[in-house]
>>> print(open('start-v7.txt').read())   # compact mmCIF, C-alpha atoms (C1' of nucleotides)
# COMPACT_ATOMS: atom_id res chain seq x y z
CA MET A 1 29.14 -57.43 6.32
CA LEU A 2 25.47 -56.57 6.11
CA THR A 3 24.06 -55.47 9.46
CA ASN A 4 21.69 -53.08 11.16
CA SER A 5 23.83 -52.90 14.30
CA ARG A 6 24.18 -49.11 14.08
CA LEU A 7 20.45 -48.66 14.34
CA ALA A 8 19.73 -51.56 16.68
CA TYR A 9 21.93 -50.42 19.54
CA HIS A 10 21.91 -46.66 19.31
CA SER A 11 19.22 -44.05 19.64
CA HIS A 12 17.77 -43.09 16.32
CA ASP A 13 14.55 -42.05 14.64
CA HIS A 14 12.86 -45.39 15.01
CA LYS A 15 9.72 -44.29 13.23
CA ARG A 16 11.73 -44.48 10.04
CA CYS A 17 12.63 -48.13 10.77
CA VAL A 18 8.97 -48.93 11.23
CA SER A 19 7.72 -47.16 8.15
CA ALA A 20 10.51 -48.59 6.04
CA ALA A 21 9.72 -52.10 7.30
CA LEU A 22 6.03 -51.69 6.55
CA THR A 23 6.68 -50.28 3.11
CA ARG A 24 9.01 -53.13 2.25
CA ALA A 25 6.49 -55.62 3.62
CA LYS A 26 3.73 -54.27 1.44
CA THR A 27 5.91 -54.33 -1.64
CA LEU A 28 7.11 -57.86 -1.02
CA CYS A 29 3.64 -59.17 -0.31
CA ASP A 30 2.27 -57.48 -3.40
CA ASP A 31 4.98 -59.06 -5.52
CA SER A 32 4.34 -62.54 -4.17
CA ASP A 33 0.55 -62.39 -4.01
CA ALA A 34 0.68 -62.78 -0.24
CA ARG A 35 -2.02 -61.00 1.70
CA LEU A 36 -0.76 -58.59 4.29
CA THR A 37 -4.07 -58.27 6.13
CA PRO A 38 -4.72 -55.59 8.75
CA ILE A 39 -4.07 -58.05 11.57
CA ARG A 40 -0.83 -59.29 10.04
CA GLU A 41 0.28 -55.75 9.48
CA ALA A 42 -0.58 -54.88 13.08
CA VAL A 43 1.46 -57.85 14.32
CA LEU A 44 4.39 -56.77 12.17
CA ARG A 45 4.09 -53.22 13.46
CA THR A 46 3.98 -54.48 17.04
CA ILE A 47 7.11 -56.56 16.52
CA TRP A 48 8.80 -53.53 15.01
CA ALA A 49 7.97 -51.42 18.07
CA SER A 50 11.61 -51.84 19.02
CA HIS A 51 14.78 -53.69 18.09
CA ARG A 52 14.18 -56.12 20.93
CA PRO A 53 12.84 -59.57 20.13
CA LEU A 54 9.26 -59.82 21.38
CA GLY A 55 7.51 -62.91 22.71
CA ALA A 56 4.28 -64.08 21.14
CA TYR A 57 2.24 -63.36 24.24
CA ASP A 58 3.84 -59.95 24.57
CA ILE A 59 2.54 -59.30 21.09
CA VAL A 60 -0.90 -60.45 22.20
CA ASP A 61 -0.81 -58.04 25.15
CA GLN A 62 0.52 -55.12 23.12
CA MET A 63 -2.13 -55.55 20.50
CA ALA A 64 -4.81 -55.57 23.18
CA LEU A 65 -3.48 -52.27 24.53
CA ASN A 66 -3.18 -50.57 21.18
CA ALA A 67 -6.63 -51.55 19.99
CA ALA A 68 -8.08 -50.77 23.41
CA SER A 69 -11.48 -50.24 21.86
CA GLY A 70 -12.36 -53.37 19.94
CA LYS A 71 -11.95 -57.01 20.76
CA ARG A 72 -8.80 -58.83 21.76
CA ILE A 73 -6.68 -60.62 19.21
CA LEU A 74 -6.00 -64.00 20.78
CA ALA A 75 -2.92 -66.18 20.75
CA PRO A 76 -3.80 -68.48 17.83
CA THR A 77 -4.42 -65.51 15.58
CA VAL A 78 -1.12 -63.94 16.57
CA TYR A 79 0.69 -67.21 15.97
CA ARG A 80 -0.89 -67.48 12.55
CA SER A 81 0.31 -64.01 11.71
CA ILE A 82 3.75 -64.91 12.99
CA GLU A 83 3.72 -67.99 10.79
CA PHE A 84 2.80 -65.88 7.79
CA LEU A 85 5.42 -63.23 8.50
CA LEU A 86 8.10 -65.88 9.00
CA ALA A 87 7.15 -67.53 5.71
CA GLN A 88 7.46 -64.17 3.93
CA GLY A 89 10.84 -63.57 5.55
CA LEU A 90 9.56 -60.40 7.19
CA ILE A 91 10.44 -61.51 10.70
CA HIS A 92 12.76 -64.01 12.32
CA ARG A 93 12.38 -66.28 15.32
CA ILE A 94 15.03 -66.07 18.01
CA ALA A 95 15.19 -69.63 19.30
CA THR A 96 17.13 -68.86 22.45
CA LEU A 97 14.50 -66.36 23.55
CA ASN A 98 11.30 -67.81 22.11
CA ALA A 99 10.80 -64.42 20.59
CA TYR A 100 10.37 -62.68 17.26
CA ILE A 101 12.11 -59.76 15.61
CA GLY A 102 11.63 -57.81 12.43
CA CYS A 103 13.96 -58.53 9.55
CA PRO A 104 15.70 -55.29 8.53
CA PHE A 105 16.48 -56.48 5.03
CA PRO A 106 13.84 -58.91 3.84
CA GLY A 107 13.81 -60.06 0.29
CA SER A 108 17.57 -60.37 -0.03
CA HIS A 109 18.47 -63.99 0.44
CA HIS A 110 20.82 -64.15 3.35
CA SER A 111 22.09 -66.53 5.98
CA ASP A 112 21.89 -64.42 9.01
CA PHE A 113 22.90 -64.38 12.62
CA PHE A 114 21.99 -62.28 15.59
CA LEU A 115 23.95 -60.29 18.13
CA ILE A 116 21.69 -60.10 21.18
CA CYS A 117 22.53 -57.76 24.04
CA ARG A 118 21.78 -59.34 27.41
CA GLU A 119 21.59 -55.91 29.00
CA CYS A 120 19.27 -53.84 26.83
CA GLY A 121 17.72 -56.74 24.96
CA SER A 122 18.30 -55.26 21.53
CA ALA A 123 19.36 -57.57 18.76
CA ALA A 124 21.12 -56.77 15.52
CA GLU A 125 20.94 -58.98 12.47
CA CYS A 126 24.10 -59.60 10.53
CA SER A 127 25.13 -61.48 7.47
CA ALA A 128 28.82 -62.14 7.00
CA ASP A 129 30.28 -64.20 4.20
CA GLN A 130 33.17 -65.19 6.41
CA LEU A 131 30.83 -66.82 8.88
CA ASN A 132 28.76 -68.57 6.25
CA ILE A 133 31.89 -69.91 4.63
CA ALA A 134 33.13 -71.16 7.98
CA VAL A 135 29.84 -72.94 8.57
CA GLU A 136 29.89 -74.52 5.13
CA GLN A 137 33.48 -75.67 5.41
CA THR A 138 33.22 -77.14 8.86
CA ALA A 139 30.01 -78.93 7.92
CA LYS A 140 31.68 -80.23 4.80
CA ARG A 141 34.46 -81.75 6.83
CA ALA A 142 31.82 -83.83 8.60
CA ASN A 143 30.15 -84.61 5.25
CA PHE A 144 27.09 -82.83 6.52
CA LYS A 145 24.69 -81.16 4.10
CA VAL A 146 23.58 -77.82 5.51
CA GLU A 147 19.97 -76.81 5.01
CA SER A 148 19.43 -74.15 7.63
CA GLN A 149 21.34 -72.55 10.42
CA VAL A 150 20.60 -70.78 13.66
CA ILE A 151 23.36 -68.57 15.02
CA GLU A 152 22.54 -66.50 18.05
CA ILE A 153 25.29 -64.70 19.89
CA ALA A 154 24.69 -63.20 23.30
CA GLY A 155 26.79 -60.55 24.97
CA LEU A 156 27.00 -56.80 25.34
CA CYS A 157 26.22 -54.25 22.68
CA PRO A 158 28.48 -51.19 22.28
CA GLU A 159 26.20 -48.94 24.32
CA CYS A 160 25.90 -51.35 27.23
CA GLN A 161 29.63 -52.03 27.33
CA HIS A 162 30.10 -48.32 27.66
CA GLU A 163 27.53 -47.95 30.41
CA ASN A 164 29.06 -50.81 32.36
CA GLN A 165 32.45 -49.09 32.26
CA GLN A 166 30.98 -45.79 33.39
CA GLY A 167 28.98 -47.47 36.13
CA GLY A 168 32.08 -49.03 37.60
CA LEU A 169 31.63 -51.93 39.99
CA LYS A 170 27.96 -51.45 40.52
CA MET B 171 38.29 -79.68 14.13
CA LEU B 172 37.11 -81.52 17.21
CA THR B 173 33.97 -83.53 16.54
CA ASN B 174 32.18 -86.75 17.29
CA SER B 175 30.48 -86.85 13.88
CA ARG B 176 31.92 -90.27 13.02
CA LEU B 177 30.22 -91.83 15.98
CA ALA B 178 27.07 -89.73 15.95
CA TYR B 179 25.92 -90.63 12.46
CA HIS B 180 27.21 -94.15 11.92
CA SER B 181 26.53 -97.44 13.60
CA HIS B 182 29.01 -98.21 16.31
CA ASP B 183 29.34 -99.85 19.70
CA HIS B 184 27.31 -97.26 21.53
CA LYS B 185 27.78 -98.91 24.91
CA ARG B 186 31.32 -97.59 24.80
CA CYS B 187 30.02 -94.03 24.31
CA VAL B 188 27.79 -94.43 27.33
CA SER B 189 30.39 -95.94 29.62
CA ALA B 190 32.98 -93.39 28.52
CA ALA B 191 30.54 -90.56 29.19
CA LEU B 192 29.70 -91.89 32.64
CA THR B 193 33.32 -92.44 33.54
CA ARG B 194 34.23 -88.90 32.49
CA ALA B 195 31.24 -87.55 34.37
CA LYS B 196 32.30 -89.26 37.58
CA THR B 197 35.86 -88.03 37.25
CA LEU B 198 34.81 -84.47 36.53
CA CYS B 199 32.31 -84.37 39.38
CA ASP B 200 34.83 -85.80 41.78
CA ASP B 201 37.35 -83.18 40.79
CA SER B 202 34.92 -80.32 41.26
CA ASP B 203 33.17 -81.59 44.38
CA ALA B 204 29.92 -81.86 42.51
CA ARG B 205 27.62 -84.66 43.53
CA LEU B 206 26.65 -87.00 40.74
CA THR B 207 23.75 -88.59 42.60
CA PRO B 208 22.01 -91.76 41.37
CA ILE B 209 19.18 -89.75 39.87
CA ARG B 210 21.52 -87.36 38.10
CA GLU B 211 23.52 -90.26 36.78
CA ALA B 212 20.34 -91.95 35.58
CA VAL B 213 19.29 -88.79 33.76
CA LEU B 214 22.71 -88.57 32.14
CA ARG B 215 22.53 -92.22 31.13
CA THR B 216 19.06 -91.68 29.67
CA ILE B 217 20.24 -88.72 27.63
CA TRP B 218 23.16 -90.81 26.41
CA ALA B 219 20.81 -93.56 25.22
CA SER B 220 21.46 -92.26 21.72
CA HIS B 221 23.08 -89.41 19.84
CA ARG B 222 19.69 -87.82 19.36
CA PRO B 223 18.80 -84.81 21.51
CA LEU B 224 16.12 -85.86 23.97
CA GLY B 225 13.30 -83.69 25.34
CA ALA B 226 12.89 -83.27 29.07
CA TYR B 227 9.57 -85.08 29.14
CA ASP B 228 10.98 -87.88 27.01
CA ILE B 229 13.56 -88.29 29.73
CA VAL B 230 10.78 -88.39 32.31
CA ASP B 231 9.03 -91.12 30.33
CA GLN B 232 12.17 -93.15 29.69
CA MET B 233 13.14 -93.08 33.35
CA ALA B 234 9.69 -94.29 34.31
CA LEU B 235 10.08 -97.22 31.93
CA ASN B 236 13.56 -98.17 33.09
CA ALA B 237 12.74 -98.07 36.76
CA ALA B 238 9.45 -99.82 36.12
CA SER B 239 9.46 -101.13 39.66
CA GLY B 240 9.78 -98.13 41.93
CA LYS B 241 8.23 -94.70 41.80
CA ARG B 242 8.20 -92.23 38.96
CA ILE B 243 10.75 -89.45 38.73
CA LEU B 244 8.75 -86.33 37.99
CA ALA B 245 9.47 -83.36 35.75
CA PRO B 246 10.87 -80.96 38.36
CA THR B 247 13.41 -83.54 39.47
CA VAL B 248 14.46 -84.22 35.91
CA TYR B 249 14.79 -80.50 35.24
CA ARG B 250 16.93 -80.13 38.33
CA SER B 251 19.21 -82.89 37.11
CA ILE B 252 19.35 -81.24 33.71
CA GLU B 253 20.29 -77.98 35.36
CA PHE B 254 23.07 -79.72 37.26
CA LEU B 255 24.38 -81.56 34.22
CA LEU B 256 24.34 -78.36 32.15
CA ALA B 257 26.25 -76.53 34.88
CA GLN B 258 28.88 -79.28 34.91
CA GLY B 259 29.15 -79.14 31.13
CA LEU B 260 28.13 -82.78 30.84
CA ILE B 261 25.20 -82.06 28.56
CA HIS B 262 24.09 -79.30 26.22
CA ARG B 263 20.74 -77.81 25.46
CA ILE B 264 19.66 -77.68 21.82
CA ALA B 265 17.60 -74.51 21.67
CA THR B 266 15.99 -75.20 18.31
CA LEU B 267 14.62 -78.52 19.57
CA ASN B 268 14.04 -77.84 23.26
CA ALA B 269 16.10 -80.94 23.86
CA TYR B 270 19.25 -82.12 25.57
CA ILE B 271 22.25 -84.08 24.38
CA GLY B 272 25.35 -85.50 26.05
CA CYS B 273 28.60 -83.64 25.61
CA PRO B 274 31.16 -86.00 24.07
CA PHE B 275 34.15 -84.06 25.35
CA PRO B 276 33.29 -82.34 28.61
CA GLY B 277 35.99 -80.66 30.60
CA SER B 278 37.76 -79.19 27.60
CA HIS B 279 36.68 -75.60 27.25
CA HIS B 280 35.21 -75.28 23.83
CA SER B 281 32.83 -73.11 21.87
CA ASP B 282 30.79 -75.69 20.17
CA PHE B 283 28.17 -76.04 17.53
CA PHE B 284 25.85 -78.79 16.44
CA LEU B 285 25.11 -80.51 13.18
CA ILE B 286 21.60 -81.86 13.54
CA CYS B 287 20.20 -84.31 11.01
CA ARG B 288 16.57 -83.62 10.25
CA GLU B 289 16.11 -87.18 9.01
CA CYS B 290 17.53 -89.44 11.71
CA GLY B 291 17.62 -86.85 14.49
CA SER B 292 21.23 -87.49 15.41
CA ALA B 293 23.38 -84.53 16.30
CA ALA B 294 27.14 -84.21 16.26
CA GLU B 295 28.99 -81.66 18.31
CA CYS B 296 31.86 -79.82 16.70
CA SER B 297 34.37 -77.23 17.68
CA ALA B 298 36.18 -75.44 14.88
CA ASP B 299 38.59 -72.59 15.39
CA GLN B 300 37.70 -71.22 12.00
CA LEU B 301 34.08 -70.78 13.04
CA ASN B 302 34.91 -69.27 16.41
CA ILE B 303 37.27 -66.82 14.79
CA ALA B 304 34.61 -65.87 12.28
CA VAL B 305 32.14 -65.26 15.09
CA GLU B 306 34.63 -63.14 17.03
CA GLN B 307 35.63 -61.07 14.04
CA THR B 308 32.15 -60.38 12.80
CA ALA B 309 31.02 -59.45 16.30
CA LYS B 310 34.03 -57.19 16.67
CA ARG B 311 33.08 -55.31 13.54
CA ALA B 312 29.81 -54.42 15.26
CA ASN B 313 31.69 -53.58 18.49
CA PHE B 314 29.78 -56.37 20.16
CA LYS B 315 31.29 -58.21 23.11
CA VAL B 316 30.59 -61.95 22.78
CA GLU B 317 29.73 -63.86 25.93
CA SER B 318 28.03 -66.97 24.64
CA GLN B 319 26.95 -68.40 21.35
CA VAL B 320 24.41 -70.85 20.07
CA ILE B 321 25.10 -72.36 16.67
CA GLU B 322 22.77 -75.08 15.50
CA ILE B 323 22.93 -76.27 11.93
CA ALA B 324 20.19 -78.44 10.49
CA GLY B 325 20.46 -80.62 7.42
CA LEU B 326 21.33 -84.13 6.39
CA CYS B 327 24.00 -86.31 7.94
CA PRO B 328 26.23 -88.46 5.69
CA GLU B 329 24.13 -91.59 6.22
CA CYS B 330 20.82 -89.91 5.45
CA GLN B 331 22.16 -88.18 2.34
CA HIS B 332 23.16 -91.61 1.14
CA GLU B 333 19.80 -93.16 1.91
CA ASN B 334 17.97 -90.37 0.14
CA GLN B 335 20.01 -90.99 -3.01
CA GLN B 336 19.32 -94.71 -2.90
CA GLY B 337 15.63 -94.17 -2.29
CA GLY B 338 15.32 -92.09 -5.41
CA LEU B 339 12.24 -89.96 -5.77
CA LYS B 340 10.28 -91.55 -3.01
C1' DC C 341 24.43 -85.93 67.84
C1' DT C 342 22.91 -81.72 66.12
C1' DA C 343 22.62 -78.03 62.99
C1' DA C 344 23.15 -76.66 58.44
C1' DT C 345 23.03 -77.59 53.67
C1' DA C 346 21.79 -80.04 49.65
C1' DA C 347 18.75 -83.02 47.10
C1' DT C 348 14.37 -84.87 46.10
C1' DG C 349 9.15 -85.30 46.31
C1' DC C 350 5.03 -83.17 45.20
C1' DT C 351 1.45 -79.93 43.71
C1' DA C 352 0.39 -76.25 41.18
C1' DT C 353 1.19 -73.00 37.74
C1' DA C 354 3.47 -70.19 34.22
C1' DG C 355 4.82 -69.79 29.48
C1' DA C 356 5.00 -71.20 24.50
C1' DA C 357 2.62 -73.25 20.78
C1' DT C 358 -0.94 -75.73 18.31
C1' DA C 359 -5.31 -78.67 17.36
C1' DA C 360 -9.94 -78.62 16.05
C1' DC C 361 -13.85 -76.68 14.56
C1' DA C 362 -17.06 -72.62 13.79
C1' DT C 363 -17.53 -68.32 11.56
C1' DT C 364 -16.46 -64.58 8.57
C1' DA C 365 -14.16 -62.46 4.77
C1' DT C 366 -12.11 -62.60 0.21
C1' DA C 367 -11.52 -64.41 -4.31
C1' DT C 368 -13.23 -67.14 -8.30
C1' DT C 369 -16.45 -68.87 -11.38
C1' DT C 370 -20.55 -68.85 -13.60
C1' DA D 371 -24.79 -60.51 -8.86
C1' DA D 372 -25.20 -65.23 -6.97
C1' DA D 373 -22.99 -69.37 -5.94
C1' DT D 374 -18.95 -71.66 -4.86
C1' DA D 375 -14.43 -72.24 -3.26
C1' DT D 376 -10.61 -70.62 -0.65
C1' DA D 377 -8.39 -68.05 2.82
C1' DA D 378 -8.42 -65.76 7.24
C1' DT D 379 -10.02 -65.15 11.78
C1' DG D 380 -12.69 -66.35 16.16
C1' DT D 381 -13.01 -69.48 19.95
C1' DT D 382 -12.18 -73.13 23.13
C1' DA D 383 -9.37 -76.51 24.65
C1' DT D 384 -5.15 -78.82 24.95
C1' DT D 385 -0.29 -80.07 24.47
C1' DC D 386 4.38 -79.29 25.49
C1' DT D 387 8.15 -76.94 28.02
C1' DA D 388 9.72 -75.15 32.24
C1' DT D 389 9.64 -73.39 36.94
C1' DA D 390 7.74 -71.73 41.68
C1' DG D 391 6.91 -72.97 46.28
C1' DC D 392 6.94 -75.75 50.00
C1' DA D 393 7.40 -80.36 52.43
C1' DT D 394 10.42 -84.15 53.19
C1' DT D 395 14.57 -86.78 53.09
C1' DA D 396 19.47 -87.33 52.68
C1' DT D 397 24.17 -85.68 53.24
C1' DT D 398 27.73 -82.92 55.17
C1' DA D 399 29.98 -80.05 58.77
C1' DG D 400 30.75 -78.85 63.42
>>> encode(input="start-v7.txt", output="C-alpha cells")
Amino acid sequence: MLTNSRLAYHSHDHKRCVSAALTRAKTLCDDSDARLTPIREAVLRTIWASHRPLGAYDIVDQMALNAASGKRILAPTVYRSIEFLLAQGLIHRIATLNAYIGCPFPGSHHSDFFLICRECGSAAECSADQLNIAVEQTAKRANFKVESQVIEIAGLCPECQHENQQGGLK
Amino acid sequence: MLTNSRLAYHSHDHKRCVSAALTRAKTLCDDSDARLTPIREAVLRTIWASHRPLGAYDIVDQMALNAASGKRILAPTVYRSIEFLLAQGLIHRIATLNAYIGCPFPGSHHSDFFLICRECGSAAECSADQLNIAVEQTAKRANFKVESQVIEIAGLCPECQHENQQGGLK
DNA sequence: CTAATAATGCTATAGAATAACATTATATTT
DNA sequence: AAATATAATGTTATTCTATAGCATTATTAG
C-alpha cells in the first residue's frame, strides 16, 4: 500500500515535504512543457503549508498574507492555478470538503483515496491494490465501466485516537 | 452485492420505484416517530422523479412547477427537508455532484457506494462486502479509525456503453 | 386551553466556483 | 528585433450551493 500516512498524521520536518513537492512539481512541469509560473508555484506552496486540505478562499487569504506587500491575488486567479495543478496531478480535490491537498506522489499513475481525520483535519493519501480491485469487481458485476473514482474516508487518525483516549470523557 | 443497478440504468415501471420509496418512507418515519410532513414527502417524491441525482435548486424549481397553483417552496425549506430525509436515511447526498438521490433500500444499515453514469446521469447505489472489507483493511494498515465513507464512481452505465458502441465515432 | 416544541416562511448572506472581457506576459515567426 | 500569436493574469460581475436569523404557523404535551 502506497501512503503518506506516517507523515500526514505525525509531527515531522514538514519543510522537507514542501521542498520535495516543489522539486517534483518543477521536474514534472519541465518534462511536460507545462509552465509552473510564480503564482502557480505560490498556490502549490500555500496548499502544501500543511497536510490539511485547504479551501480555495483560504488559499486566497493565505496568499494575501504572505505577499503582504504587493497586490492581492483574487479568486479567479487562484482557481485557475488550482485547475492547472489538478491537471498536472500535483494536487487533488477533496469533494467532501470543497478543499485541495497536495499530492505526495505525483507522476505515478494511481487510483487514490483519502483518510481524513475529523479531529485534526489532516488527510493522508493512499493507494491500495486491494481497494482498486474491489472497486473494479463490484462495478463489473453491475456492468459498469469505471472511468474515475472518488473515495474519501472520514474518521480519526492515529494521533487523535490516542488523544481521545488520554482525554477520557471530555 | 446489494444494488439497484438493474432498475437505475434500464427502462422500467418507475412509478413502482416511487410508490415503494414513499411506502417505505412512511413506515420508517412512523416507526421512529419522525414526521414525514407533506412538504418533506413532496421533496422526497421530487427526488425520486428519476434515478438521477437532483440538485437542491432543481428540487426547488420542480416543486414550483408541480404546485403551480399555490406558493413557491423556497430554498431554506427544501434544504430543511433534505436535512430531514438525510437524517432518516431516505436519501443520500452525492458529494461530487452536489446533488441528492433517493435511497432504494433505507432502513438496512449499509455502507454504500454509487455508480454514476456520466452520460445519462443515472446513479445506482451498491453495497458490497468486498469493498467495505477493503476499506477497513487499508484504513487499519494506516491505524486509521473509519467513521464514514464516501465512494462515488463515475463512468458509463451498461446502456450508455452500448449506445456509444452503436454510435461509432460520433 | 395553554404552554412548549416543531415546522415553515422569509430575507439576507455566506461560501464555492466560473463567465466574460481587458490587460499583460511569454513564445513564435519572420 | 519587430510583429504576431498564444498563454497567463487582472478585474468585475454573476451563478450556484448552502445556511443564519428571525417571524409565523402548526402540532404536540400537559
>>> residues_around(input="start-v7.txt", residues="DG400 in chain D", least_positions_apart="3", cutoff="10 Å", atoms="only C-alpha atoms (C1' of nucleotides)", output="PyMOL selection string")
chain C and resi 342-344
>>> interface_residues(input="start-v7.txt", of="chain D", to="chain A", cutoff="9 Å", atoms="only C-alpha atoms (C1' of nucleotides)", output="ChimeraX atom specification")
/D:378-381
>>> atom_distance(input="start-v7.txt", atom1="CA of Gln319 in chain B", atom2="CA of Ile217 in chain B")
22.3 Å
>>> interface_residues(input="start-v7.txt", of="chain B", to="chain A", cutoff="6 Å", atoms="only C-alpha atoms", output="list of chain:residue names")
B:Ala265, B:Thr266, B:Leu301, B:Ala304, B:Asn313, B:Phe314, B:Lys315, B:Val316, B:Glu317, B:Ser318, B:Gln319, B:Val320, B:Ile321, B:Glu322, B:Ile323, B:Ala324, B:Gly325, B:Leu326, B:Cys327, B:Pro328
>>> atom_distance(input="start-v7.txt", atom1="CA of Arg263 in chain B", atom2="CA of His221 in chain B")
13.1 Å
>>> closest_residue(input="start-v7.txt", among="C:DA362, C:DC350, C:DA357, C:DA367", to="chain B", atoms="all atoms listed in the file")
C:DC350
>>> atom_distance(input="start-v7.txt", atom1="CA of Ala191 in chain B", atom2="CA of Glu211 in chain B")
10.3 Å
>>> closest_residue(input="start-v7.txt", among="C:DA359, C:DC341, C:DA354, C:DA346", to="DT398 in chain D", atoms="all atoms listed in the file")
C:DA346
>>> closest_residue(input="start-v7.txt", among="A:Pro38, A:Gly107, A:Gly55, A:Gly121", to="Ala87 in chain A", atoms="all atoms listed in the file")
A:Gly107
>>> residues_around(input="start-v7.txt", residues="range 195-203 of chain B", least_positions_apart="4", cutoff="12 Å", atoms="all atoms listed in the file", output="PDB file with C-alpha atoms, keeping the file's coordinate frame")
ATOM      1  CA  VAL B 188      27.790 -94.430  27.330  1.00  0.00           C
ATOM      2  CA  SER B 189      30.390 -95.940  29.620  1.00  0.00           C
ATOM      3  CA  ALA B 190      32.980 -93.390  28.520  1.00  0.00           C
ATOM      4  CA  ALA B 191      30.540 -90.560  29.190  1.00  0.00           C
ATOM      5  CA  THR B 207      23.750 -88.590  42.600  1.00  0.00           C
ATOM      6  CA  PRO B 208      22.010 -91.760  41.370  1.00  0.00           C
ATOM      7  CA  ARG B 210      21.520 -87.360  38.100  1.00  0.00           C
ATOM      8  CA  GLU B 211      23.520 -90.260  36.780  1.00  0.00           C
ATOM      9  CA  ALA B 212      20.340 -91.950  35.580  1.00  0.00           C
ATOM     10  CA  LEU B 214      22.710 -88.570  32.140  1.00  0.00           C
ATOM     11  CA  ARG B 215      22.530 -92.220  31.130  1.00  0.00           C
ATOM     12  CA  TRP B 218      23.160 -90.810  26.410  1.00  0.00           C
ATOM     13  CA  PHE B 254      23.070 -79.720  37.260  1.00  0.00           C
ATOM     14  CA  LEU B 255      24.380 -81.560  34.220  1.00  0.00           C
ATOM     15  CA  LEU B 256      24.340 -78.360  32.150  1.00  0.00           C
ATOM     16  CA  ALA B 257      26.250 -76.530  34.880  1.00  0.00           C
ATOM     17  CA  GLN B 258      28.880 -79.280  34.910  1.00  0.00           C
ATOM     18  CA  GLY B 259      29.150 -79.140  31.130  1.00  0.00           C
ATOM     19  CA  LEU B 260      28.130 -82.780  30.840  1.00  0.00           C
ATOM     20  CA  ILE B 261      25.200 -82.060  28.560  1.00  0.00           C
ATOM     21  CA  GLY B 272      25.350 -85.500  26.050  1.00  0.00           C
ATOM     22  CA  CYS B 273      28.600 -83.640  25.610  1.00  0.00           C
ATOM     23  CA  PRO B 274      31.160 -86.000  24.070  1.00  0.00           C
ATOM     24  CA  PHE B 275      34.150 -84.060  25.350  1.00  0.00           C
ATOM     25  CA  PRO B 276      33.290 -82.340  28.610  1.00  0.00           C
ATOM     26  CA  GLY B 277      35.990 -80.660  30.600  1.00  0.00           C
ATOM     27  CA  SER B 278      37.760 -79.190  27.600  1.00  0.00           C
TER      28      SER B 278
END
>>> interface_residues(input="start-v7.txt", of="chain C", to="chain A", cutoff="10 Å", atoms="only C-alpha atoms (C1' of nucleotides)", output="MDAnalysis selection string")
chainID C and resid 355:358
>>> closest_residue(input="start-v7.txt", among="A:Ala67, A:Ala49, A:Val60, A:Ala34", to="Ala8 in chain A", atoms="all atoms listed in the file")
A:Ala49
>>> residues_around(input="start-v7.txt", residues="DT394 in chain D", least_positions_apart="3", cutoff="12 Å", atoms="all atoms listed in the file", output="compact mmCIF listing (two decimals) with C-alpha atoms (C1' of nucleotides), in the frame of the given file")
# COMPACT_ATOMS: atom_id res chain seq x y z
C1' DA C 347 18.75 -83.02 47.10
C1' DT C 348 14.37 -84.87 46.10
C1' DG C 349 9.15 -85.30 46.31
C1' DC C 350 5.03 -83.17 45.20
>>> residues_near_point(input="start-v7.txt", point="(-10.5, -78.0, 16.9)", cutoff="9 Å", atoms="only C-alpha atoms (C1' of nucleotides)", output="PyMOL selection string")
(chain C and resi 359-361) or (chain D and resi 382-383)
